[in-house]
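Undergrad: This is final19.txt, which holds compact mmCIF, N, CA and C atoms:
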```txt
# COMPACT_ATOMS: atom_id res chain seq x y z
N GLN A 126 -44.86 -213.39 45.35
CA GLN A 126 -45.23 -212.23 44.57
C GLN A 126 -44.58 -212.33 43.19
N VAL A 127 -45.36 -212.11 42.17
CA VAL A 127 -44.86 -212.26 40.81
C VAL A 127 -44.27 -210.96 40.29
N GLN A 128 -43.19 -211.08 39.54
CA GLN A 128 -42.61 -209.95 38.83
C GLN A 128 -42.73 -210.21 37.33
N LEU A 129 -43.11 -209.18 36.58
CA LEU A 129 -43.30 -209.31 35.14
C LEU A 129 -42.36 -208.36 34.41
N VAL A 130 -41.70 -208.87 33.38
CA VAL A 130 -40.79 -208.05 32.60
C VAL A 130 -41.13 -208.20 31.12
N GLU A 131 -41.54 -207.10 30.51
CA GLU A 131 -41.86 -207.09 29.09
C GLU A 131 -40.62 -206.77 28.27
N SER A 132 -40.58 -207.30 27.06
CA SER A 132 -39.50 -207.00 26.13
C SER A 132 -40.01 -207.18 24.72
N GLY A 133 -39.20 -206.73 23.75
CA GLY A 133 -39.55 -206.93 22.35
C GLY A 133 -40.11 -205.71 21.65
N GLY A 134 -40.30 -204.64 22.39
CA GLY A 134 -40.79 -203.43 21.76
C GLY A 134 -39.73 -202.78 20.89
N GLY A 135 -40.14 -201.75 20.14
CA GLY A 135 -39.19 -201.06 19.29
C GLY A 135 -39.90 -200.20 18.27
N LEU A 136 -39.13 -199.76 17.29
CA LEU A 136 -39.64 -198.91 16.21
C LEU A 136 -39.82 -199.77 14.97
N VAL A 137 -40.98 -199.69 14.37
CA VAL A 137 -41.26 -200.49 13.18
C VAL A 137 -42.12 -199.67 12.23
N GLN A 138 -42.00 -199.93 10.96
CA GLN A 138 -42.82 -199.24 9.98
C GLN A 138 -44.22 -199.83 9.93
N ALA A 139 -45.16 -199.03 9.49
CA ALA A 139 -46.52 -199.52 9.34
C ALA A 139 -46.54 -200.74 8.42
N GLY A 140 -47.32 -201.73 8.81
CA GLY A 140 -47.37 -202.98 8.07
C GLY A 140 -46.41 -204.03 8.59
N GLY A 141 -45.50 -203.63 9.45
CA GLY A 141 -44.52 -204.55 10.00
C GLY A 141 -45.05 -205.35 11.17
N SER A 142 -44.14 -206.12 11.76
CA SER A 142 -44.51 -207.01 12.86
C SER A 142 -43.54 -206.88 14.02
N LEU A 143 -44.03 -207.16 15.21
CA LEU A 143 -43.22 -207.25 16.41
C LEU A 143 -43.77 -208.38 17.28
N ARG A 144 -42.90 -208.97 18.06
CA ARG A 144 -43.33 -209.98 19.01
C ARG A 144 -42.90 -209.55 20.40
N LEU A 145 -43.86 -209.30 21.24
CA LEU A 145 -43.59 -208.92 22.61
C LEU A 145 -43.55 -210.16 23.50
N SER A 146 -42.69 -210.11 24.50
CA SER A 146 -42.61 -211.19 25.49
C SER A 146 -42.84 -210.62 26.88
N CYS A 147 -43.41 -211.42 27.73
CA CYS A 147 -43.63 -211.06 29.12
C CYS A 147 -43.14 -212.23 29.96
N ALA A 148 -41.99 -212.06 30.59
CA ALA A 148 -41.41 -213.12 31.40
C ALA A 148 -41.77 -212.91 32.86
N ALA A 149 -42.28 -213.95 33.47
CA ALA A 149 -42.69 -213.87 34.87
C ALA A 149 -41.69 -214.60 35.76
N SER A 150 -41.51 -214.07 36.95
CA SER A 150 -40.66 -214.72 37.95
C SER A 150 -41.30 -214.55 39.32
N GLY A 151 -40.89 -215.37 40.25
CA GLY A 151 -41.41 -215.28 41.60
C GLY A 151 -42.52 -216.26 41.90
N ARG A 152 -43.27 -216.65 40.88
CA ARG A 152 -44.29 -217.68 41.00
C ARG A 152 -44.67 -218.12 39.60
N THR A 153 -45.28 -219.28 39.52
CA THR A 153 -45.74 -219.76 38.23
C THR A 153 -46.99 -218.99 37.80
N ILE A 154 -47.11 -218.74 36.51
CA ILE A 154 -48.31 -218.09 35.98
C ILE A 154 -49.14 -219.07 35.17
N SER A 155 -48.78 -220.35 35.24
CA SER A 155 -49.45 -221.35 34.41
C SER A 155 -50.91 -221.52 34.77
N ASN A 156 -51.29 -221.18 36.00
CA ASN A 156 -52.66 -221.40 36.44
C ASN A 156 -53.47 -220.12 36.56
N ILE A 157 -53.01 -219.04 35.92
CA ILE A 157 -53.75 -217.78 35.97
C ILE A 157 -53.83 -217.17 34.58
N ALA A 158 -54.88 -216.40 34.38
CA ALA A 158 -55.03 -215.70 33.12
C ALA A 158 -54.06 -214.53 33.05
N MET A 159 -53.68 -214.20 31.82
CA MET A 159 -52.74 -213.11 31.59
C MET A 159 -53.31 -212.17 30.53
N GLY A 160 -52.90 -210.92 30.60
CA GLY A 160 -53.40 -209.96 29.63
C GLY A 160 -52.35 -208.98 29.18
N TRP A 161 -52.63 -208.37 28.04
CA TRP A 161 -51.81 -207.28 27.52
C TRP A 161 -52.69 -206.02 27.41
N PHE A 162 -52.13 -204.92 27.84
CA PHE A 162 -52.78 -203.61 27.73
C PHE A 162 -51.78 -202.65 27.08
N ARG A 163 -52.28 -201.53 26.62
CA ARG A 163 -51.39 -200.53 26.06
C ARG A 163 -51.89 -199.13 26.42
N GLN A 164 -50.95 -198.20 26.41
CA GLN A 164 -51.29 -196.82 26.72
C GLN A 164 -50.52 -195.89 25.81
N ALA A 165 -51.26 -195.08 25.06
CA ALA A 165 -50.66 -194.08 24.20
C ALA A 165 -50.58 -192.76 24.97
N PRO A 166 -49.68 -191.87 24.56
CA PRO A 166 -49.55 -190.58 25.26
C PRO A 166 -50.87 -189.83 25.29
N GLY A 167 -51.25 -189.38 26.47
CA GLY A 167 -52.47 -188.61 26.60
C GLY A 167 -53.75 -189.41 26.60
N LYS A 168 -53.61 -190.73 26.55
CA LYS A 168 -54.80 -191.59 26.52
C LYS A 168 -54.78 -192.54 27.71
N GLU A 169 -55.96 -193.09 28.00
CA GLU A 169 -56.04 -194.05 29.08
C GLU A 169 -55.51 -195.41 28.63
N ARG A 170 -55.10 -196.20 29.61
CA ARG A 170 -54.66 -197.54 29.31
C ARG A 170 -55.85 -198.34 28.76
N GLU A 171 -55.61 -199.11 27.70
CA GLU A 171 -56.69 -199.87 27.09
C GLU A 171 -56.33 -201.34 26.95
N PHE A 172 -57.34 -202.16 26.98
CA PHE A 172 -57.18 -203.59 26.83
C PHE A 172 -56.75 -203.93 25.41
N VAL A 173 -55.87 -204.93 25.29
CA VAL A 173 -55.43 -205.41 23.98
C VAL A 173 -55.82 -206.87 23.78
N ALA A 174 -55.37 -207.73 24.69
CA ALA A 174 -55.63 -209.16 24.53
C ALA A 174 -55.45 -209.87 25.86
N THR A 175 -56.12 -211.02 25.98
CA THR A 175 -55.96 -211.83 27.18
C THR A 175 -56.02 -213.30 26.82
N ILE A 176 -55.40 -214.11 27.64
CA ILE A 176 -55.39 -215.56 27.44
C ILE A 176 -55.69 -216.22 28.78
N GLY A 177 -56.55 -217.21 28.74
CA GLY A 177 -56.92 -217.90 29.96
C GLY A 177 -55.83 -218.85 30.43
N ARG A 178 -56.03 -219.33 31.65
CA ARG A 178 -55.03 -220.24 32.22
C ARG A 178 -54.98 -221.56 31.48
N ASN A 179 -56.08 -221.91 30.81
CA ASN A 179 -56.11 -223.17 30.07
C ASN A 179 -55.75 -222.99 28.61
N ILE A 180 -55.31 -221.82 28.21
CA ILE A 180 -54.84 -221.48 26.86
C ILE A 180 -55.98 -221.44 25.84
N VAL A 181 -57.01 -222.24 26.02
CA VAL A 181 -58.09 -222.33 25.04
C VAL A 181 -58.82 -221.00 24.88
N ILE A 182 -59.01 -220.30 25.99
CA ILE A 182 -59.77 -219.05 25.95
C ILE A 182 -58.85 -217.88 25.65
N THR A 183 -59.20 -217.11 24.61
CA THR A 183 -58.52 -215.86 24.32
C THR A 183 -59.57 -214.81 23.98
N SER A 184 -59.19 -213.57 24.14
CA SER A 184 -60.08 -212.46 23.83
C SER A 184 -59.24 -211.29 23.37
N TYR A 185 -59.76 -210.55 22.38
CA TYR A 185 -59.01 -209.45 21.80
C TYR A 185 -59.88 -208.19 21.71
N ALA A 186 -59.23 -207.06 21.78
CA ALA A 186 -59.91 -205.82 21.47
C ALA A 186 -60.27 -205.82 19.99
N ASP A 187 -61.38 -205.21 19.65
CA ASP A 187 -61.80 -205.19 18.24
C ASP A 187 -60.74 -204.56 17.35
N SER A 188 -60.01 -203.60 17.87
CA SER A 188 -59.02 -202.87 17.08
C SER A 188 -57.83 -203.73 16.67
N VAL A 189 -57.60 -204.85 17.36
CA VAL A 189 -56.45 -205.69 17.03
C VAL A 189 -56.85 -207.08 16.55
N LYS A 190 -58.13 -207.37 16.59
CA LYS A 190 -58.60 -208.70 16.22
C LYS A 190 -58.20 -209.01 14.77
N GLY A 191 -57.64 -210.20 14.58
CA GLY A 191 -57.19 -210.61 13.25
C GLY A 191 -55.77 -210.20 12.93
N ARG A 192 -55.18 -209.33 13.76
CA ARG A 192 -53.80 -208.89 13.54
C ARG A 192 -52.86 -209.34 14.66
N PHE A 193 -53.36 -209.40 15.87
CA PHE A 193 -52.54 -209.76 17.03
C PHE A 193 -52.90 -211.17 17.49
N ILE A 194 -51.90 -211.86 18.02
CA ILE A 194 -52.12 -213.19 18.58
C ILE A 194 -51.43 -213.28 19.93
N ILE A 195 -52.21 -213.63 20.94
CA ILE A 195 -51.63 -213.84 22.26
C ILE A 195 -51.41 -215.33 22.48
N SER A 196 -50.30 -215.66 23.11
CA SER A 196 -50.00 -217.06 23.38
C SER A 196 -49.20 -217.14 24.67
N ARG A 197 -49.01 -218.35 25.14
CA ARG A 197 -48.24 -218.53 26.36
C ARG A 197 -47.46 -219.82 26.29
N ASP A 198 -46.32 -219.82 26.97
CA ASP A 198 -45.49 -221.02 27.12
C ASP A 198 -45.32 -221.22 28.61
N ASN A 199 -46.14 -222.08 29.18
CA ASN A 199 -46.11 -222.25 30.64
C ASN A 199 -44.80 -222.85 31.13
N ALA A 200 -44.13 -223.62 30.28
CA ALA A 200 -42.84 -224.18 30.67
C ALA A 200 -41.80 -223.08 30.86
N LYS A 201 -41.96 -221.99 30.11
CA LYS A 201 -41.03 -220.87 30.21
C LYS A 201 -41.59 -219.74 31.08
N ASN A 202 -42.81 -219.96 31.59
CA ASN A 202 -43.44 -218.93 32.43
C ASN A 202 -43.51 -217.59 31.69
N THR A 203 -43.87 -217.65 30.43
CA THR A 203 -43.83 -216.47 29.56
C THR A 203 -45.10 -216.38 28.72
N VAL A 204 -45.52 -215.16 28.50
CA VAL A 204 -46.65 -214.86 27.63
C VAL A 204 -46.14 -214.00 26.48
N TYR A 205 -46.73 -214.20 25.30
CA TYR A 205 -46.28 -213.49 24.11
C TYR A 205 -47.45 -212.72 23.49
N LEU A 206 -47.08 -211.70 22.71
CA LEU A 206 -48.05 -211.00 21.90
C LEU A 206 -47.42 -210.78 20.53
N GLN A 207 -47.90 -211.56 19.56
CA GLN A 207 -47.44 -211.39 18.18
C GLN A 207 -48.29 -210.32 17.53
N MET A 208 -47.65 -209.28 17.04
CA MET A 208 -48.37 -208.15 16.46
C MET A 208 -48.00 -208.04 14.99
N ASN A 209 -48.98 -208.20 14.14
CA ASN A 209 -48.79 -208.14 12.69
C ASN A 209 -49.57 -206.99 12.09
N SER A 210 -49.20 -206.62 10.88
CA SER A 210 -49.90 -205.53 10.16
C SER A 210 -50.05 -204.31 11.06
N LEU A 211 -48.97 -203.91 11.66
CA LEU A 211 -49.02 -202.82 12.63
C LEU A 211 -49.39 -201.50 11.99
N LYS A 212 -50.12 -200.70 12.75
CA LYS A 212 -50.57 -199.39 12.31
C LYS A 212 -50.03 -198.32 13.26
N PRO A 213 -49.92 -197.10 12.81
CA PRO A 213 -49.44 -196.03 13.72
C PRO A 213 -50.27 -195.93 14.99
N GLU A 214 -51.54 -196.20 14.90
CA GLU A 214 -52.40 -196.12 16.09
C GLU A 214 -52.14 -197.25 17.09
N ASP A 215 -51.31 -198.21 16.73
CA ASP A 215 -50.91 -199.26 17.67
C ASP A 215 -49.77 -198.80 18.58
N SER A 216 -49.23 -197.64 18.33
CA SER A 216 -48.11 -197.13 19.11
C SER A 216 -48.51 -196.89 20.56
N GLY A 217 -47.57 -197.13 21.46
CA GLY A 217 -47.82 -196.91 22.88
C GLY A 217 -46.92 -197.79 23.71
N VAL A 218 -47.10 -197.68 25.01
CA VAL A 218 -46.39 -198.56 25.93
C VAL A 218 -47.29 -199.77 26.19
N TYR A 219 -46.73 -200.94 26.00
CA TYR A 219 -47.47 -202.19 26.17
C TYR A 219 -47.09 -202.82 27.50
N TYR A 220 -48.13 -203.19 28.25
CA TYR A 220 -47.96 -203.79 29.56
C TYR A 220 -48.58 -205.18 29.60
N CYS A 221 -47.93 -206.09 30.29
CA CYS A 221 -48.59 -207.36 30.58
C CYS A 221 -49.00 -207.36 32.05
N ALA A 222 -49.97 -208.19 32.36
CA ALA A 222 -50.50 -208.19 33.72
C ALA A 222 -51.11 -209.54 34.04
N THR A 223 -51.17 -209.85 35.32
CA THR A 223 -51.80 -211.09 35.79
C THR A 223 -53.24 -210.82 36.21
N ASN A 224 -54.09 -211.80 35.97
CA ASN A 224 -55.49 -211.72 36.37
C ASN A 224 -55.79 -212.89 37.28
N THR A 225 -55.81 -212.63 38.59
CA THR A 225 -56.11 -213.70 39.53
C THR A 225 -57.55 -213.64 40.02
N HIS A 226 -58.37 -212.81 39.39
CA HIS A 226 -59.75 -212.62 39.84
C HIS A 226 -60.77 -213.46 39.09
N THR A 227 -60.52 -213.71 37.80
CA THR A 227 -61.49 -214.47 37.01
C THR A 227 -60.90 -215.82 36.68
N TYR A 228 -61.08 -216.76 37.58
CA TYR A 228 -60.39 -218.04 37.48
C TYR A 228 -60.86 -218.87 36.30
N TYR A 229 -62.15 -218.86 35.99
CA TYR A 229 -62.70 -219.75 34.97
C TYR A 229 -62.88 -219.08 33.61
N THR A 230 -62.58 -217.79 33.54
CA THR A 230 -62.73 -217.11 32.27
C THR A 230 -61.68 -216.01 32.16
N VAL A 231 -61.86 -215.09 31.24
CA VAL A 231 -60.91 -214.00 31.06
C VAL A 231 -61.65 -212.67 31.21
N SER A 232 -60.91 -211.61 31.26
CA SER A 232 -61.52 -210.30 31.47
C SER A 232 -60.80 -209.24 30.64
N GLN A 233 -61.56 -208.25 30.19
CA GLN A 233 -60.99 -207.10 29.50
C GLN A 233 -60.89 -205.88 30.42
N LEU A 234 -61.26 -206.06 31.68
CA LEU A 234 -61.26 -204.94 32.62
C LEU A 234 -59.92 -204.85 33.34
N SER A 235 -59.30 -203.70 33.30
CA SER A 235 -58.01 -203.54 33.96
C SER A 235 -58.13 -203.72 35.47
N SER A 236 -59.30 -203.49 36.01
CA SER A 236 -59.50 -203.63 37.46
C SER A 236 -59.41 -205.09 37.91
N ASP A 237 -59.51 -206.03 36.97
CA ASP A 237 -59.37 -207.45 37.32
C ASP A 237 -57.91 -207.91 37.32
N TYR A 238 -57.03 -207.03 36.94
CA TYR A 238 -55.62 -207.37 36.85
C TYR A 238 -54.85 -206.79 38.03
N ASP A 239 -53.92 -207.56 38.56
CA ASP A 239 -53.24 -207.12 39.77
C ASP A 239 -51.78 -206.77 39.53
N ALA A 240 -50.94 -207.72 39.22
CA ALA A 240 -49.52 -207.42 39.00
C ALA A 240 -49.30 -206.95 37.58
N TRP A 241 -48.49 -205.91 37.44
CA TRP A 241 -48.20 -205.31 36.13
C TRP A 241 -46.70 -205.21 35.92
N GLY A 242 -46.29 -205.33 34.67
CA GLY A 242 -44.90 -205.10 34.33
C GLY A 242 -44.63 -203.61 34.15
N GLN A 243 -43.40 -203.30 33.79
CA GLN A 243 -43.00 -201.89 33.64
C GLN A 243 -43.31 -201.36 32.25
N GLY A 244 -43.62 -202.24 31.33
CA GLY A 244 -44.00 -201.83 29.99
C GLY A 244 -42.85 -201.83 29.01
N THR A 245 -43.20 -201.94 27.73
CA THR A 245 -42.23 -201.85 26.65
C THR A 245 -42.82 -200.95 25.56
N GLN A 246 -42.00 -200.08 25.03
CA GLN A 246 -42.47 -199.07 24.07
C GLN A 246 -42.55 -199.66 22.67
N VAL A 247 -43.68 -199.43 22.03
CA VAL A 247 -43.88 -199.79 20.63
C VAL A 247 -44.19 -198.52 19.85
N THR A 248 -43.42 -198.27 18.80
CA THR A 248 -43.65 -197.10 17.96
C THR A 248 -43.77 -197.55 16.51
N VAL A 249 -44.89 -197.21 15.90
CA VAL A 249 -45.14 -197.59 14.52
C VAL A 249 -45.15 -196.33 13.68
N SER A 250 -44.22 -196.25 12.75
CA SER A 250 -44.13 -195.06 11.89
C SER A 250 -44.94 -195.25 10.62
N SER A 251 -45.46 -194.16 10.13
CA SER A 251 -46.31 -194.23 8.92
C SER A 251 -45.48 -194.07 7.66
```
Write out the structure in this file as structure tokens.
TA:
Amino acid sequence: QVQLVESGGGLVQAGGSLRLSCAASGRTISNIAMGWFRQAPGKEREFVATIGRNIVITSYADSVKGRFIISRDNAKNTVYLQMNSLKPEDSGVYYCATNTHTYYTVSQLSSDYDAWGQGTQVTVSS
């Protein structure tokens, strides 16, 4: 059973950058797709980005495309989310998750994700 721990969140001014990390333990995540989601107060959890097990495939929500970059280091069993040009609407709790359902591709559906971390808070001030 995999455990996921997110880190790297914090308070940043609009236009700034943060790099989130998601460290996995308990099993290797090198052969499964991974994703990042976020949830703002009073809103539903929404998809942010995903990376396939082969690293080549990535997918982003339109709201973050061109500003966020998802990557992974399989040797460290870790997934990253580089967030640039941050906006106040990017604020929320960011979660990473494993996707063991879509082996050959990636998914933006939270229902395809099984293990979730506890989340890390990102706050962007205007």
Undergrad: Restricting the calculation to all atoms listed in the file, which member of A:Cys221, A:Ile182, A:Ile154, A:Leu143 is positioned closest to Gly242 of chain A?
TA: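 Ranked by minimum distance to Gly242 of chain A, first place goes to A:Cys221.
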Undergrad: Return the single residue from A:Arg152, A:Asp237, A:Val231, A:Thr245 that is closest to Thr175 of chain A, with distances computed using all atoms listed in the file.
TA: A:Val231
Undergrad: Can you tell me how far atom N of Gly134 of chain A sits from atom N of Val249 of chain A, in Å to one decimal?
TA: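 Going from atom N of Gly134 of chain A over to atom N of Val249 of chain A covers 10.9 Å.
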Undergrad: Quick one: of A:Gln233, A:Met208, A:Gln246, A:Ala200, who's nearest to Ala174 of chain A, counting all atoms listed in the file?
TA: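 Of A:Gln233, A:Met208, A:Gln246, A:Ala200, the one nearest Ala174 of chain A, counting all atoms listed in the file, is A:Gln233.
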Undergrad: Can you tell me which residues surround Ser150 of chain A at a distance of at most 7 Å, considering all atoms listed in the file, apart from same-chain residues fewer than 4 positions away, and format the answer as a PyMOL selection string?
TA: chain A and resi 126-130+202
Undergrad: Write the selection just made, keeping N, CA and C atoms, as a short mmCIF file (atom, residue, chain, number, x, y, z; two decimals), in the frame of the given file?
TA:
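Dumped everything to selection35.cif:
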```
data_model
loop_
_atom_site.label_atom_id
_atom_site.label_comp_id
_atom_site.auth_asym_id
_atom_site.auth_seq_id
_atom_site.Cartn_x
_atom_site.Cartn_y
_atom_site.Cartn_z
N GLN A 126 -44.86 -213.39 45.35
CA GLN A 126 -45.23 -212.23 44.57
C GLN A 126 -44.58 -212.33 43.19
N VAL A 127 -45.36 -212.11 42.17
CA VAL A 127 -44.86 -212.26 40.81
C VAL A 127 -44.27 -210.96 40.29
N GLN A 128 -43.19 -211.08 39.54
CA GLN A 128 -42.61 -209.95 38.83
C GLN A 128 -42.73 -210.21 37.33
N LEU A 129 -43.11 -209.18 36.58
CA LEU A 129 -43.30 -209.31 35.14
C LEU A 129 -42.36 -208.36 34.41
N VAL A 130 -41.70 -208.87 33.38
CA VAL A 130 -40.79 -208.05 32.60
C VAL A 130 -41.13 -208.20 31.12
N ASN A 202 -42.81 -219.96 31.59
CA ASN A 202 -43.44 -218.93 32.43
C ASN A 202 -43.51 -217.59 31.69
#
```
Undergrad: Box in all listed atoms of segment 188-191 of chain A, axis-aligned, with 5 Å more on each side; write out centre and edge lengths in Å to one decimal as AutoDock Vina command-line options.
TA:
```
--center_x -57.9 --center_y -206.7 --center_z 15.4 --size_x 14.2 --size_y 17.7 --size_z 14.9
```
Undergrad: Run DSSP on the backbone and tell me which residues of chain A come out as strand (DSSP E or B); list them as a ChimeraX atom specification.
TA: /A:128-132,135-138,143-150,158-164,171-176,183-185,193-198,203-208,217-224,241,245-250
Undergrad: Given all atoms listed in the file as the basis, pick out the residue of A:Ser146, A:Ser251, A:Asn224, A:Ser184 nearest to Thr203 of chain A.
TA: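 Checking each of A:Ser146, A:Ser251, A:Asn224, A:Ser184 against Thr203 of chain A, counting all atoms listed in the file, the winner is A:Ser146.
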Undergrad: Check the smallest atom-to-atom distance from each of A:Lys190, A:Arg197, A:Lys168, A:Arg178 to Leu145 of chain A using only C-alpha atoms, then report the winner.
TA: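 The closest residue to Leu145 of chain A is A:Arg197.
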Undergrad: Would you mind putting back all heavy atoms on segment 204-213 of chain A, then writing it out as a PDB file, in the frame of the given file?
TA:
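What ended up in rebuild_37.pdb:
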```
ATOM      1  N   VAL A 204     -45.520-215.160  28.500  1.00  0.00           N
ATOM      2  CA  VAL A 204     -46.650-214.860  27.630  1.00  0.00           C
ATOM      3  C   VAL A 204     -46.140-214.000  26.480  1.00  0.00           C
ATOM      4  O   VAL A 204     -45.252-213.161  26.666  1.00  0.00           O
ATOM      5  CB  VAL A 204     -47.757-214.127  28.405  1.00  0.00           C
ATOM      6  CG1 VAL A 204     -48.906-213.744  27.487  1.00  0.00           C
ATOM      7  CG2 VAL A 204     -48.262-214.998  29.537  1.00  0.00           C
ATOM      8  N   TYR A 205     -46.730-214.200  25.300  1.00  0.00           N
ATOM      9  CA  TYR A 205     -46.280-213.490  24.110  1.00  0.00           C
ATOM     10  C   TYR A 205     -47.450-212.720  23.490  1.00  0.00           C
ATOM     11  O   TYR A 205     -48.608-213.062  23.645  1.00  0.00           O
ATOM     12  CB  TYR A 205     -45.729-214.468  23.091  1.00  0.00           C
ATOM     13  CG  TYR A 205     -44.611-215.331  23.606  1.00  0.00           C
ATOM     14  CD1 TYR A 205     -44.857-216.620  24.087  1.00  0.00           C
ATOM     15  CD2 TYR A 205     -43.297-214.860  23.637  1.00  0.00           C
ATOM     16  CE1 TYR A 205     -43.833-217.413  24.558  1.00  0.00           C
ATOM     17  CE2 TYR A 205     -42.272-215.653  24.117  1.00  0.00           C
ATOM     18  CZ  TYR A 205     -42.539-216.924  24.582  1.00  0.00           C
ATOM     19  OH  TYR A 205     -41.526-217.704  25.067  1.00  0.00           O
ATOM     20  N   LEU A 206     -47.080-211.700  22.710  1.00  0.00           N
ATOM     21  CA  LEU A 206     -48.050-211.000  21.900  1.00  0.00           C
ATOM     22  C   LEU A 206     -47.420-210.780  20.530  1.00  0.00           C
ATOM     23  O   LEU A 206     -46.498-209.983  20.384  1.00  0.00           O
ATOM     24  CB  LEU A 206     -48.449-209.656  22.517  1.00  0.00           C
ATOM     25  CG  LEU A 206     -49.554-208.912  21.770  1.00  0.00           C
ATOM     26  CD1 LEU A 206     -50.887-209.678  21.888  1.00  0.00           C
ATOM     27  CD2 LEU A 206     -49.724-207.491  22.308  1.00  0.00           C
ATOM     28  N   GLN A 207     -47.900-211.560  19.560  1.00  0.00           N
ATOM     29  CA  GLN A 207     -47.440-211.390  18.180  1.00  0.00           C
ATOM     30  C   GLN A 207     -48.290-210.320  17.530  1.00  0.00           C
ATOM     31  O   GLN A 207     -49.522-210.462  17.460  1.00  0.00           O
ATOM     32  CB  GLN A 207     -47.566-212.719  17.425  1.00  0.00           C
ATOM     33  CG  GLN A 207     -47.176-212.638  15.958  1.00  0.00           C
ATOM     34  CD  GLN A 207     -45.702-212.363  15.748  1.00  0.00           C
ATOM     35  OE1 GLN A 207     -44.857-212.935  16.431  1.00  0.00           O
ATOM     36  NE2 GLN A 207     -45.387-211.472  14.819  1.00  0.00           N
ATOM     37  N   MET A 208     -47.650-209.280  17.040  1.00  0.00           N
ATOM     38  CA  MET A 208     -48.370-208.150  16.460  1.00  0.00           C
ATOM     39  C   MET A 208     -48.000-208.040  14.990  1.00  0.00           C
ATOM     40  O   MET A 208     -46.828-207.818  14.650  1.00  0.00           O
ATOM     41  CB  MET A 208     -48.018-206.857  17.207  1.00  0.00           C
ATOM     42  CG  MET A 208     -48.242-206.949  18.712  1.00  0.00           C
ATOM     43  SD  MET A 208     -48.010-205.375  19.559  1.00  0.00           S
ATOM     44  CE  MET A 208     -46.282-205.072  19.245  1.00  0.00           C
ATOM     45  N   ASN A 209     -48.980-208.200  14.140  1.00  0.00           N
ATOM     46  CA  ASN A 209     -48.790-208.140  12.690  1.00  0.00           C
ATOM     47  C   ASN A 209     -49.570-206.990  12.090  1.00  0.00           C
ATOM     48  O   ASN A 209     -50.487-206.449  12.710  1.00  0.00           O
ATOM     49  CB  ASN A 209     -49.237-209.458  12.047  1.00  0.00           C
ATOM     50  CG  ASN A 209     -48.504-210.664  12.595  1.00  0.00           C
ATOM     51  OD1 ASN A 209     -47.294-210.638  12.796  1.00  0.00           O
ATOM     52  ND2 ASN A 209     -49.240-211.738  12.839  1.00  0.00           N
ATOM     53  N   SER A 210     -49.200-206.620  10.880  1.00  0.00           N
ATOM     54  CA  SER A 210     -49.900-205.530  10.160  1.00  0.00           C
ATOM     55  C   SER A 210     -50.050-204.310  11.060  1.00  0.00           C
ATOM     56  O   SER A 210     -51.137-203.738  11.175  1.00  0.00           O
ATOM     57  CB  SER A 210     -51.265-206.013   9.679  1.00  0.00           C
ATOM     58  OG  SER A 210     -51.139-207.132   8.835  1.00  0.00           O
ATOM     59  N   LEU A 211     -48.970-203.910  11.660  1.00  0.00           N
ATOM     60  CA  LEU A 211     -49.020-202.820  12.630  1.00  0.00           C
ATOM     61  C   LEU A 211     -49.390-201.500  11.990  1.00  0.00           C
ATOM     62  O   LEU A 211     -49.032-201.220  10.835  1.00  0.00           O
ATOM     63  CB  LEU A 211     -47.681-202.694  13.349  1.00  0.00           C
ATOM     64  CG  LEU A 211     -47.451-203.753  14.440  1.00  0.00           C
ATOM     65  CD1 LEU A 211     -45.987-203.862  14.793  1.00  0.00           C
ATOM     66  CD2 LEU A 211     -48.283-203.438  15.662  1.00  0.00           C
ATOM     67  N   LYS A 212     -50.120-200.700  12.750  1.00  0.00           N
ATOM     68  CA  LYS A 212     -50.570-199.390  12.310  1.00  0.00           C
ATOM     69  C   LYS A 212     -50.030-198.320  13.260  1.00  0.00           C
ATOM     70  O   LYS A 212     -49.735-198.630  14.423  1.00  0.00           O
ATOM     71  CB  LYS A 212     -52.102-199.343  12.335  1.00  0.00           C
ATOM     72  CG  LYS A 212     -52.786-200.428  11.535  1.00  0.00           C
ATOM     73  CD  LYS A 212     -54.293-200.373  11.717  1.00  0.00           C
ATOM     74  CE  LYS A 212     -54.997-201.479  10.950  1.00  0.00           C
ATOM     75  NZ  LYS A 212     -56.470-201.448  11.132  1.00  0.00           N
ATOM     76  N   PRO A 213     -49.920-197.100  12.810  1.00  0.00           N
ATOM     77  CA  PRO A 213     -49.440-196.030  13.720  1.00  0.00           C
ATOM     78  C   PRO A 213     -50.270-195.930  14.990  1.00  0.00           C
ATOM     79  O   PRO A 213     -49.719-195.634  16.058  1.00  0.00           O
ATOM     80  CB  PRO A 213     -49.570-194.778  12.850  1.00  0.00           C
ATOM     81  CG  PRO A 213     -49.384-195.266  11.452  1.00  0.00           C
ATOM     82  CD  PRO A 213     -50.050-196.621  11.433  1.00  0.00           C
TER      83      PRO A 213
END
```
